[in-house]
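Trainee: Here you go, one structure.
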Amino acid sequence: MATIFEKLDQRGKTVIITGGYRGIGLGIVENFAQAGANIAICGRTEARGREVEAKYRERGVNLKFYKCDIQSVDEIDDFVDQVVADFGQVDVLVNNAGVCDHVAVEDTTQDRWDWVLNTNLRGPFFLCKKFGEHVISRGGQGSVVSISSISAFVSMSPQKQVSYNASKAGICAMTQCLAFEWATKGIRVNAVCPGYIESEMLADGNENAEWGVEWTQRTPMGHFGRPEDIGAMVLFLASDASSYTTGSCVVVDGGYMIL
């Protein structure tokens, strides 16, 4: 029987991590790097992506950055095809890239709504579709982990973010549907629902920093999580350590939702 360390081992596997050059994405990258994976990250900001690529390659990690806007289905298809060409196959997909729009309902325009939903929900769906086609065509095993949010379950305060909450609830629903459809096809599908995580948005001097005081007070553990906390859960769900887990949306929030 394999040990827990062997089940978590990602050596010889290739993982796609969207938005893997900042925030939670970097925390996910770090966990998979320590587990020995080949890593493909993508995003729209090439300079930041190349910086992360160089940093990890200096450490001996086989990480490559690809410029891709996940709002474009054509770019998604080209991106995944190129990763397969470069690495041979893809074993894990992590849908991490996302955006948030803090705007009242009455001020929400069609363009702003589409920007959030196309990035946070449509893009991940078509990434899942492309990944699933690849895994099924080679008769292999695969794992999808998408980053949702506790915003999928509760209306957050004091910020107003109906489009974001709707997109993250959609991720949870999509996770369950894909898990059901692919349960007998060798693909597990799960999601992680973070609470408040340390980020540039909450840095001292940022206009949103005052929100952080309220969010911390509402979190029973009394502090924000770290990107690596989310990365550890993603690694677990992607690995053989969770081989009987599919269709789950796992909350990692310091206790925020128990109040």
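To be explicit about the labels: the chains of the structure tokens are called A, B, and onward in the order shown, and within each one the residues are counted from 1, while ligands get numbers from 1 in the order they are shown.
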Show which residues sit within 6 Å of Tyr21 in chain A, as a list of chain:residue names. Count only C-alpha atoms, and ignore same-chain residues fewer than 4 positions away.
Mentor: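 The contact residues come out as A:Gly25, A:Leu26, A:Gly49.
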Trainee: Atoms to include: C-alpha atoms. Write the selected residues as a compact mmCIF listing (two decimals), in the first residue's frame.
Mentor:
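What follows is the written file result31.txt:
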# COMPACT_ATOMS: atom_id res chain seq x y z
CA GLY A 25 -2.19 31.01 -7.67
CA LEU A 26 1.38 31.33 -6.42
CA GLY A 49 4.41 35.30 -15.76
Trainee: So which residues of range 139-236 of chain A fall under helix (DSSP H, G or I) by DSSP, listed as a ChimeraX atom specification?
Mentor: /A:150-152,162-182,200-202,209-217,227-236
Trainee: Enumerate the residues of range 64-139 of chain A with a DSSP assignment of strand (DSSP E or B), computed from the backbone, and present them as a ChimeraX atom specification.
Mentor: /A:64-67,92-95,103
Trainee: Can you pull out every residue within 7 Å of range 69-73 of chain A, counting only C-alpha atoms, but drop anything in the same chain fewer than 2 positions away, and send it as number ranges by chain?
Mentor: A: 43-44, 75-77, 118-119, 123, 126
Trainee: Which residues are near Phe236 in chain A? Cut-off 12 Å, only C-alpha atoms, ignore same chain within fewer than 2 positions. Put them as a count of residues only.
Mentor: 33
Trainee: I need the residue nearest Val105 in chain A from this list: A:Lys55, A:Tyr164, A:Val90, A:Phe65. Use only C-alpha atoms for the distance.
Mentor: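 Answer, going by the shortest atom-to-atom distance: A:Tyr164.
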Trainee: Name the residues in contact with Pro220 in chain A at a cut-off of 10 Å, using only C-alpha atoms, excluding same-chain residues fewer than 5 positions from it; report them as a PyMOL selection string.
Mentor: chain A and resi 253-259
Trainee: Would you pick out the contacts of Val252 in chain A at 7 Å or less, using only C-alpha atoms, so that residues sharing its chain but fewer than 3 positions from it are not included, and give the list as a list of chain:residue names?
Mentor: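 So, after excluding close chain neighbours, the residues are A:Cys193, A:Pro194, A:Gly195.
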Trainee: Neighbouring residues of range 166-183 of chain A were defined as those with any atom within 9 Å, considering only C-alpha atoms; residues of the same chain fewer than 5 positions away were excluded. Please report them as a PyMOL selection string.
Mentor: chain A and resi 116-122+124-125+128+132+144-153+161+188-193+246-249
